[in-house]
>>> print(open('protein37.txt').read())   # compact mmCIF, C-alpha atoms and all ligand atoms
# COMPACT_ATOMS: atom_id res chain seq x y z
CA MET V 1 9.33 -25.02 2.06
CA PRO V 2 8.29 -25.26 -1.60
CA PHE V 3 8.27 -21.97 -3.54
CA GLN V 4 4.77 -20.55 -3.13
CA PRO V 5 4.45 -17.03 -4.61
CA ALA V 6 1.70 -14.48 -3.89
CA LEU V 7 0.83 -11.38 -5.92
CA LEU V 8 0.00 -8.37 -3.76
CA ILE V 9 -1.75 -5.50 -5.57
CA VAL V 10 -1.60 -2.37 -3.44
CA ASP V 11 -4.31 0.33 -3.55
CA VAL V 12 -5.10 0.41 -7.29
CA GLN V 13 -8.05 2.71 -6.54
CA GLU V 14 -9.77 5.61 -8.29
CA ASP V 15 -8.58 8.26 -5.84
CA PHE V 16 -4.94 7.48 -6.62
CA CYS V 17 -5.48 7.81 -10.38
CA PRO V 18 -6.09 10.47 -13.01
CA PRO V 19 -8.32 11.96 -14.22
CA ASN V 20 -10.55 12.37 -11.16
CA GLY V 21 -8.62 10.97 -8.20
CA ALA V 22 -8.32 13.19 -5.14
CA LEU V 23 -4.70 12.09 -4.66
CA ALA V 24 -3.93 11.22 -8.26
CA VAL V 25 -0.49 9.79 -8.98
CA THR V 26 0.91 10.78 -12.40
CA ASP V 27 0.35 8.03 -15.03
CA ALA V 28 -1.04 5.65 -12.40
CA ARG V 29 -3.48 3.98 -14.81
CA ASP V 30 -0.57 2.95 -17.07
CA ILE V 31 0.43 0.14 -14.70
CA VAL V 32 -2.90 -1.69 -14.96
CA PRO V 33 -2.09 -3.68 -18.17
CA ILE V 34 1.14 -4.90 -16.52
CA ILE V 35 -0.74 -5.89 -13.37
CA ASN V 36 -3.37 -7.71 -15.46
CA ASP V 37 -0.54 -9.69 -17.13
CA PHE V 38 0.61 -10.74 -13.65
CA LEU V 39 -2.96 -11.62 -12.66
CA ALA V 40 -2.97 -14.11 -15.54
CA MET V 41 0.07 -15.92 -14.09
CA PRO V 42 -0.06 -18.91 -11.73
CA PHE V 43 0.49 -17.24 -8.36
CA ALA V 44 -0.62 -19.41 -5.43
CA LEU V 45 -2.60 -16.43 -4.10
CA LYS V 46 -3.60 -13.03 -5.50
CA VAL V 47 -4.55 -10.32 -3.01
CA ALA V 48 -5.66 -6.75 -3.68
CA THR V 49 -5.58 -4.12 -0.94
CA LYS V 50 -7.78 -1.05 -0.54
CA ASP V 51 -7.06 2.12 1.39
CA PHE V 52 -10.42 2.42 3.18
CA HIS V 53 -10.79 5.48 5.38
CA PRO V 54 -13.64 6.86 7.47
CA ARG V 55 -14.47 10.54 6.77
CA ASP V 56 -12.89 11.66 10.03
CA HIS V 57 -9.53 10.01 9.32
CA ILE V 58 -6.51 11.66 10.96
CA SER V 59 -4.56 11.83 7.68
CA PHE V 60 -7.09 14.16 6.02
CA ALA V 61 -6.00 17.80 6.02
CA SER V 62 -9.70 18.72 6.18
CA ASN V 63 -9.88 17.28 9.70
CA HIS V 64 -7.23 19.68 11.04
CA SER V 65 -7.21 23.43 11.52
CA ALA V 66 -5.22 26.20 9.88
CA PRO V 67 -2.43 26.97 9.41
CA ASN V 68 -1.06 23.42 9.72
CA ASN V 69 -3.60 21.78 7.42
CA LYS V 70 -2.24 21.98 3.90
CA PRO V 71 -2.71 18.75 1.93
CA PHE V 72 0.61 17.32 0.60
CA GLU V 73 2.58 19.85 2.69
CA SER V 74 1.69 19.89 6.36
CA THR V 75 2.87 17.18 8.71
CA ILE V 76 1.41 16.31 12.09
CA THR V 77 2.62 14.28 15.04
CA ILE V 78 0.32 11.39 15.92
CA GLN V 79 0.41 9.77 19.35
CA ASN V 80 -0.10 6.07 19.83
CA PRO V 81 -3.62 6.02 21.39
CA HIS V 82 -2.42 3.28 23.75
CA ASN V 83 0.95 4.85 24.58
CA PRO V 84 1.50 8.63 24.54
CA GLU V 85 5.28 8.11 24.57
CA GLU V 86 5.21 6.64 21.06
CA THR V 87 4.68 9.16 18.26
CA GLN V 88 4.79 9.26 14.46
CA VAL V 89 5.25 12.28 12.23
CA THR V 90 3.03 11.95 9.19
CA ARG V 91 1.90 13.93 6.14
CA LEU V 92 -1.60 15.30 5.58
CA TRP V 93 -3.52 14.44 2.41
CA PRO V 94 -6.67 15.50 0.59
CA ASP V 95 -9.70 13.42 1.59
CA HIS V 96 -9.27 10.12 -0.28
CA CYS V 97 -10.54 6.55 -0.43
CA VAL V 98 -13.48 7.28 1.84
CA GLN V 99 -15.49 4.13 2.54
CA GLY V 100 -18.51 3.88 0.25
CA THR V 101 -17.35 6.49 -2.27
CA LYS V 102 -16.34 6.09 -5.92
CA GLY V 103 -12.78 7.13 -5.01
CA ALA V 104 -12.34 4.04 -2.85
CA GLU V 105 -13.24 1.64 -5.67
CA LEU V 106 -10.66 -0.49 -7.42
CA LEU V 107 -10.12 0.54 -11.05
CA PRO V 108 -12.73 -1.09 -13.31
CA GLU V 109 -10.00 -2.03 -15.83
CA LEU V 110 -8.22 -4.14 -13.20
CA ASP V 111 -8.98 -7.84 -13.69
CA VAL V 112 -10.56 -8.17 -10.23
CA GLY V 113 -12.19 -11.50 -11.13
CA LYS V 114 -8.77 -13.12 -10.76
CA VAL V 115 -8.18 -11.72 -7.27
CA ASN V 116 -8.66 -14.29 -4.47
CA HIS V 117 -8.92 -11.89 -1.56
CA ILE V 118 -9.35 -8.17 -0.81
CA THR V 119 -7.72 -6.68 2.28
CA GLU V 120 -9.03 -3.33 3.52
CA LYS V 121 -6.82 -1.07 5.61
CA GLY V 122 -6.75 2.40 7.13
CA GLN V 123 -10.16 2.09 8.78
CA ASP V 124 -8.96 3.23 12.21
CA LYS V 125 -9.36 7.02 12.20
CA ARG V 126 -6.70 7.45 14.92
CA VAL V 127 -3.68 6.18 12.95
CA GLU V 128 -2.07 6.42 9.51
CA MET V 129 -1.55 3.00 7.98
CA TYR V 130 0.44 2.95 4.76
CA SER V 131 1.41 -0.69 5.16
CA ALA V 132 -1.28 -3.21 4.28
CA PHE V 133 -0.11 -5.29 7.26
CA ALA V 134 -0.30 -2.87 10.21
CA ASP V 135 0.02 0.73 11.39
CA PRO V 136 3.56 1.91 12.19
CA PHE V 137 3.17 1.88 15.99
CA LYS V 138 5.01 -0.93 17.72
CA SER V 139 4.36 -0.65 21.45
CA PRO V 140 1.67 -1.68 21.01
CA CYS V 141 0.48 -1.93 17.40
CA VAL V 142 -2.96 -0.28 17.04
CA ALA V 143 -4.49 -1.65 13.82
CA LYS V 144 -3.63 -4.89 12.08
CA SER V 145 -5.14 -6.24 8.86
CA ASP V 146 -5.89 -9.86 7.98
CA LEU V 147 -2.99 -9.99 5.52
CA THR V 148 -0.35 -11.92 7.52
CA GLU V 149 -2.91 -14.59 8.38
CA ILE V 150 -4.11 -14.88 4.76
CA LEU V 151 -0.54 -15.28 3.45
CA ARG V 152 0.47 -17.74 6.19
CA LYS V 153 -2.64 -19.90 5.67
CA ALA V 154 -1.68 -20.28 2.00
CA ASP V 155 1.92 -21.25 2.93
CA ILE V 156 3.26 -18.30 0.93
CA THR V 157 7.07 -18.06 0.72
CA ASP V 158 7.49 -15.12 -1.68
CA VAL V 159 5.47 -11.91 -2.12
CA TYR V 160 5.48 -9.90 -5.38
CA VAL V 161 4.30 -6.33 -4.78
CA VAL V 162 2.76 -4.00 -7.40
CA GLY V 163 0.50 -0.94 -7.24
CA LEU V 164 0.25 2.53 -5.69
CA ALA V 165 1.92 4.51 -4.47
CA ALA V 166 5.55 3.43 -4.89
CA ASP V 167 6.83 5.83 -2.22
CA TYR V 168 4.05 5.27 0.37
CA CYS V 169 1.83 2.22 0.60
CA VAL V 170 3.90 0.00 -1.73
CA LYS V 171 7.08 0.87 0.17
CA TYR V 172 5.74 0.24 3.67
CA THR V 173 3.86 -2.88 2.59
CA ALA V 174 6.94 -4.38 0.92
CA ILE V 175 9.20 -3.70 3.91
CA ASP V 176 6.63 -5.18 6.31
CA ALA V 177 6.22 -8.26 4.07
CA GLN V 178 9.97 -8.87 4.16
CA ASN V 179 10.06 -8.33 7.93
CA GLU V 180 7.17 -10.80 8.34
CA GLY V 181 9.47 -13.42 6.82
CA PHE V 182 8.29 -13.49 3.20
CA LYS V 183 10.96 -13.06 0.52
CA THR V 184 9.69 -9.83 -1.03
CA TRP V 185 10.05 -8.58 -4.59
CA VAL V 186 8.78 -5.20 -5.81
CA ILE V 187 8.02 -5.11 -9.54
CA GLY V 188 9.25 -1.59 -10.26
CA ASP V 189 7.50 -1.20 -13.65
CA ALA V 190 4.16 -1.96 -12.01
CA THR V 191 4.31 0.91 -9.51
CA LYS V 192 4.11 4.73 -9.73
CA ALA V 193 5.25 7.25 -7.13
CA VAL V 194 3.61 10.38 -5.69
CA ASP V 195 7.11 11.94 -5.78
CA PRO V 196 9.36 10.15 -8.28
CA SER V 197 12.39 12.14 -7.04
CA SER V 198 12.09 10.32 -3.70
CA MET V 199 12.66 6.88 -5.22
CA ASP V 200 16.46 6.80 -4.78
CA GLY V 201 15.87 7.02 -1.04
CA VAL V 202 13.20 4.32 -1.25
CA PHE V 203 15.60 1.96 -3.08
CA LYS V 204 18.15 2.45 -0.29
CA GLU V 205 15.51 1.54 2.30
CA TYR V 206 14.67 -1.58 0.30
CA GLU V 207 18.31 -2.60 0.24
CA LYS V 208 18.58 -2.20 4.01
CA ALA V 209 15.37 -4.18 4.56
CA GLY V 210 16.27 -6.99 2.15
CA VAL V 211 13.52 -6.20 -0.37
CA THR V 212 14.52 -6.79 -4.01
CA VAL V 213 13.31 -4.57 -6.86
CA ILE V 214 12.94 -6.28 -10.23
CA GLY V 215 11.59 -5.50 -13.71
CA LYS V 216 8.33 -6.91 -15.02
CA ASP V 217 10.13 -9.45 -17.20
CA ASP V 218 12.30 -10.73 -14.33
CA ALA V 219 9.60 -12.14 -12.08
CA GLN V 220 9.84 -15.91 -11.93
CA VAL V 221 6.52 -17.31 -10.82
CA GLN V 222 7.23 -20.96 -11.57
CA ARG V 223 10.20 -22.84 -10.18
C1 LIG H 301 -1.44 6.15 0.12
C2 LIG H 301 -1.20 8.35 0.77
C3 LIG H 301 -2.27 8.23 1.63
C4 LIG H 301 -0.98 5.03 -0.76
C5 LIG H 301 -2.52 6.02 0.98
O1 LIG H 301 -1.80 4.12 -1.06
O2 LIG H 301 0.21 5.04 -1.15
N1 LIG H 301 -0.79 7.32 0.02
N2 LIG H 301 -2.90 7.06 1.73
ZN ZN H 302 -4.73 6.91 2.81
>>> encode(input="protein37.txt", output="structure tokens")
Amino acid sequence: MPFQPALLIVDVQEDFCPPNGALAVTDARDIVPIINDFLAMPFALKVATKDFHPRDHISFASNHSAPNNKPFESTITIQNPHNPEETQVTRLWPDHCVQGTKGAELLPELDVGKVNHITEKGQDKRVEMYSAFADPFKSPCVAKSDLTEILRKADITDVYVVGLAADYCVKYTAIDAQNEGFKTWVIGDATKAVDPSSMDGVFKEYEKAGVTVIGKDDAQVQR
């Protein structure tokens, strides 16, 4: 298969950014110039994803009752709606990226005109979905995006991942991309983490999964 790279821009949305984001990641806006440089390069396909929740989403602390409803702190156990035996422990967040709100919008400084496709995710209120491919349940999977199909249709071989947040949606999206059979590269300089101290653990998970982390000057888009 000829080398056919895609750029995947994960959740570069207002709610993940200072100054007004509900779940603002420190210095998140600083990665946009780097991402715009990548958007100017000849990728075969450029996709942006959006976290896109309904107001009653299960990951919002506001939809749970005290005392286990502290954003950033509390965790809850979610059952697979199709299979009570399968569960996931997940963190609660402030309300964020609610469909139709300013917080869900992509940053205006992002060069969106060069994006070929936008994939929305996290619409199913019953499950958390960090990965832009699917929710974490396996037997069966509950919510799947259009992303695999979009990448396959374009005969993509390699996926280059940038965006927010490095330790949540970027991580799960990159690992899923590799597991879907795409050679996956995370451009470390073009991501920011909710908890930077967690990144050593993330790099270990990448190694196990076969995902490669590179610097912004090491991405080879033409071969
Ligand atoms: C994300 C927390 C909650 C992300 C999305 O895009 O990394 N993090 N929802
Ligand atoms: Zn979310």
>>> residues_near_point(input="protein37.txt", point="(-15.8, -0.5, -1.2)", cutoff="12 Å", atoms="all atoms listed in the file", output="JSON, numbers by chain")
{"V": [11, 13, 14, 49, 50, 51, 52, 53, 54, 97, 98, 99, 100, 101, 102, 103, 104, 105, 106, 107, 118, 119, 120, 121, 123]}
>>> write_last_selection(input="protein37.txt", atoms="C-alpha atoms", output="short mmCIF file (atom, residue, chain, number, x, y, z; two decimals), in the coordinates of the input")
data_model
loop_
_atom_site.label_atom_id
_atom_site.label_comp_id
_atom_site.auth_asym_id
_atom_site.auth_seq_id
_atom_site.Cartn_x
_atom_site.Cartn_y
_atom_site.Cartn_z
CA ASP V 11 -4.31 0.33 -3.55
CA GLN V 13 -8.05 2.71 -6.54
CA GLU V 14 -9.77 5.61 -8.29
CA THR V 49 -5.58 -4.12 -0.94
CA LYS V 50 -7.78 -1.05 -0.54
CA ASP V 51 -7.06 2.12 1.39
CA PHE V 52 -10.42 2.42 3.18
CA HIS V 53 -10.79 5.48 5.38
CA PRO V 54 -13.64 6.86 7.47
CA CYS V 97 -10.54 6.55 -0.43
CA VAL V 98 -13.48 7.28 1.84
CA GLN V 99 -15.49 4.13 2.54
CA GLY V 100 -18.51 3.88 0.25
CA THR V 101 -17.35 6.49 -2.27
CA LYS V 102 -16.34 6.09 -5.92
CA GLY V 103 -12.78 7.13 -5.01
CA ALA V 104 -12.34 4.04 -2.85
CA GLU V 105 -13.24 1.64 -5.67
CA LEU V 106 -10.66 -0.49 -7.42
CA LEU V 107 -10.12 0.54 -11.05
CA ILE V 118 -9.35 -8.17 -0.81
CA THR V 119 -7.72 -6.68 2.28
CA GLU V 120 -9.03 -3.33 3.52
CA LYS V 121 -6.82 -1.07 5.61
CA GLN V 123 -10.16 2.09 8.78
#
>>> residues_near_ligand(input="protein37.txt", ligand="ligand LIG 301 (chain H)", cutoff="9 Å", atoms="all atoms listed in the file", output="mmCIF file with C-alpha atoms, in the frame of the given file")
data_model
loop_
_atom_site.group_PDB
_atom_site.id
_atom_site.type_symbol
_atom_site.label_atom_id
_atom_site.label_comp_id
_atom_site.auth_asym_id
_atom_site.auth_seq_id
_atom_site.Cartn_x
_atom_site.Cartn_y
_atom_site.Cartn_z
ATOM 1 C CA VAL V 10 -1.600 -2.370 -3.440
ATOM 2 C CA ASP V 11 -4.310 0.330 -3.550
ATOM 3 C CA VAL V 12 -5.100 0.410 -7.290
ATOM 4 C CA GLN V 13 -8.050 2.710 -6.540
ATOM 5 C CA PHE V 16 -4.940 7.480 -6.620
ATOM 6 C CA LEU V 23 -4.700 12.090 -4.660
ATOM 7 C CA LYS V 50 -7.780 -1.050 -0.540
ATOM 8 C CA ASP V 51 -7.060 2.120 1.390
ATOM 9 C CA PHE V 52 -10.420 2.420 3.180
ATOM 10 C CA HIS V 53 -10.790 5.480 5.380
ATOM 11 C CA SER V 59 -4.560 11.830 7.680
ATOM 12 C CA PHE V 60 -7.090 14.160 6.020
ATOM 13 C CA ARG V 91 1.900 13.930 6.140
ATOM 14 C CA LEU V 92 -1.600 15.300 5.580
ATOM 15 C CA TRP V 93 -3.520 14.440 2.410
ATOM 16 C CA PRO V 94 -6.670 15.500 0.590
ATOM 17 C CA HIS V 96 -9.270 10.120 -0.280
ATOM 18 C CA CYS V 97 -10.540 6.550 -0.430
ATOM 19 C CA GLY V 122 -6.750 2.400 7.130
ATOM 20 C CA GLU V 128 -2.070 6.420 9.510
ATOM 21 C CA MET V 129 -1.550 3.000 7.980
ATOM 22 C CA TYR V 130 0.440 2.950 4.760
ATOM 23 C CA SER V 131 1.410 -0.690 5.160
ATOM 24 C CA GLY V 163 0.500 -0.940 -7.240
ATOM 25 C CA LEU V 164 0.250 2.530 -5.690
ATOM 26 C CA ALA V 165 1.920 4.510 -4.470
ATOM 27 C CA ALA V 166 5.550 3.430 -4.890
ATOM 28 C CA ASP V 167 6.830 5.830 -2.220
ATOM 29 C CA TYR V 168 4.050 5.270 0.370
ATOM 30 C CA CYS V 169 1.830 2.220 0.600
ATOM 31 C CA VAL V 170 3.900 0.000 -1.730
ATOM 32 C CA LYS V 171 7.080 0.870 0.170
ATOM 33 C CA TYR V 172 5.740 0.240 3.670
ATOM 34 C CA ALA V 193 5.250 7.250 -7.130
ATOM 35 C CA VAL V 194 3.610 10.380 -5.690
#
>>> atom_distance(input="protein37.txt", atom1="atom CA of V:Asp15", atom2="atom CA of V:Ile34")
19.5 Å
>>> closest_residue(input="protein37.txt", among="V:Ile156, V:Gln178, V:Glu85, V:Asp146", to="V:His117", atoms="all atoms listed in the file")
V:Asp146
>>> atom_distance(input="protein37.txt", atom1="atom CA of V:Leu151", atom2="atom CA of V:Phe133")
10.7 Å
>>> closest_residue(input="protein37.txt", among="V:Ile9, V:Val211, V:Ala61, V:Ala219", to="ligand ZN 302 (chain H)", atoms="only C-alpha atoms and all ligand atoms")
V:Ala61
>>> atom_distance(input="protein37.txt", atom1="atom CA of V:Gln79", atom2="atom CA of V:Pro136")
11.1 Å
>>> closest_residue(input="protein37.txt", among="V:Lys114, V:Asn69, V:Pro19, V:Ala132", to="ligand ZN 302 (chain H)", atoms="only C-alpha atoms and all ligand atoms")
V:Ala132
>>> closest_residue(input="protein37.txt", among="V:Ala66, V:Val112, V:Ile35, V:Ala28", to="V:Tyr160", atoms="all atoms listed in the file")
V:Ile35
>>> residues_around(input="protein37.txt", residues="V:Thr184", least_positions_apart="4", cutoff="9 Å", atoms="all atoms listed in the file", output="VMD selection string")
chain V and resid 157 to 161 174 to 175 177 to 178 210 to 213
>>> closest_residue(input="protein37.txt", among="V:Ile187, V:Val127, V:Val115, V:Ile31", to="ligand ZN 302 (chain H)", atoms="only C-alpha atoms and all ligand atoms")
V:Val127
>>> decode(input="protein37.txt", residues="stretch 66-96 of chain V", atoms="N, CA and C atoms", output="short mmCIF file (atom, residue, chain, number, x, y, z; two decimals), in the first residue's frame")
data_model
loop_
_atom_site.label_atom_id
_atom_site.label_comp_id
_atom_site.auth_asym_id
_atom_site.auth_seq_id
_atom_site.Cartn_x
_atom_site.Cartn_y
_atom_site.Cartn_z
N ALA V 66 -24.49 14.35 45.23
CA ALA V 66 -23.45 14.41 46.26
C ALA V 66 -23.49 13.12 47.08
N PRO V 67 -22.38 12.70 47.67
CA PRO V 67 -21.09 13.39 47.66
C PRO V 67 -20.19 13.00 46.48
N ASN V 68 -20.61 12.00 45.70
CA ASN V 68 -19.70 11.52 44.65
C ASN V 68 -19.92 12.27 43.34
N ASN V 69 -19.81 13.59 43.38
CA ASN V 69 -20.06 14.36 42.16
C ASN V 69 -19.12 15.57 42.06
N LYS V 70 -17.87 15.33 42.39
CA LYS V 70 -16.90 16.43 42.32
C LYS V 70 -16.16 16.37 40.99
N PRO V 71 -16.32 17.46 40.16
CA PRO V 71 -15.61 17.47 38.89
C PRO V 71 -14.10 17.31 39.10
N PHE V 72 -13.44 16.60 38.22
CA PHE V 72 -12.00 16.30 38.23
C PHE V 72 -11.61 15.28 39.30
N GLU V 73 -12.48 15.00 40.27
CA GLU V 73 -12.09 14.15 41.39
C GLU V 73 -12.87 12.85 41.44
N SER V 74 -14.19 12.96 41.43
CA SER V 74 -15.01 11.76 41.60
C SER V 74 -14.89 10.85 40.39
N THR V 75 -15.00 9.55 40.66
CA THR V 75 -15.12 8.59 39.56
C THR V 75 -16.42 7.82 39.75
N ILE V 76 -16.95 7.34 38.65
CA ILE V 76 -18.17 6.54 38.71
C ILE V 76 -17.96 5.27 37.90
N THR V 77 -18.77 4.27 38.18
CA THR V 77 -18.72 3.03 37.39
C THR V 77 -19.89 3.05 36.43
N ILE V 78 -19.60 2.95 35.16
CA ILE V 78 -20.64 2.94 34.12
C ILE V 78 -20.83 1.51 33.64
N GLN V 79 -22.10 1.11 33.51
CA GLN V 79 -22.42 -0.21 32.97
C GLN V 79 -22.66 -0.11 31.47
N ASN V 80 -22.22 -1.10 30.75
CA ASN V 80 -22.57 -1.19 29.34
C ASN V 80 -24.10 -1.34 29.26
N PRO V 81 -24.80 -0.37 28.60
CA PRO V 81 -26.27 -0.44 28.55
C PRO V 81 -26.78 -1.73 27.90
N HIS V 82 -25.93 -2.41 27.12
CA HIS V 82 -26.37 -3.65 26.48
C HIS V 82 -25.87 -4.89 27.22
N ASN V 83 -25.07 -4.68 28.28
CA ASN V 83 -24.45 -5.83 28.95
C ASN V 83 -23.98 -5.42 30.35
N PRO V 84 -24.84 -5.65 31.35
CA PRO V 84 -24.53 -5.19 32.72
C PRO V 84 -23.24 -5.79 33.29
N GLU V 85 -22.75 -6.86 32.70
CA GLU V 85 -21.52 -7.47 33.20
C GLU V 85 -20.29 -6.66 32.85
N GLU V 86 -20.40 -5.82 31.81
CA GLU V 86 -19.24 -5.03 31.39
C GLU V 86 -19.34 -3.63 31.99
N THR V 87 -18.30 -3.23 32.72
CA THR V 87 -18.32 -1.91 33.36
C THR V 87 -17.03 -1.14 33.08
N GLN V 88 -17.12 0.17 33.25
CA GLN V 88 -15.95 1.06 33.08
C GLN V 88 -15.96 2.05 34.24
N VAL V 89 -14.80 2.24 34.84
CA VAL V 89 -14.68 3.29 35.86
C VAL V 89 -14.20 4.54 35.14
N THR V 90 -14.89 5.65 35.38
CA THR V 90 -14.54 6.86 34.63
C THR V 90 -14.66 8.11 35.51
N ARG V 91 -13.95 9.14 35.15
CA ARG V 91 -13.86 10.38 35.91
C ARG V 91 -15.02 11.31 35.56
N LEU V 92 -15.43 12.12 36.53
CA LEU V 92 -16.45 13.13 36.26
C LEU V 92 -15.80 14.48 35.95
N TRP V 93 -16.46 15.23 35.09
CA TRP V 93 -15.93 16.51 34.59
C TRP V 93 -16.94 17.63 34.78
N PRO V 94 -16.47 18.88 34.71
CA PRO V 94 -17.44 19.98 34.60
C PRO V 94 -18.22 19.81 33.28
N ASP V 95 -19.39 20.41 33.20
CA ASP V 95 -20.13 20.40 31.93
C ASP V 95 -19.21 21.00 30.87
N HIS V 96 -19.09 20.34 29.72
CA HIS V 96 -18.19 20.84 28.67
C HIS V 96 -18.66 20.37 27.31
#
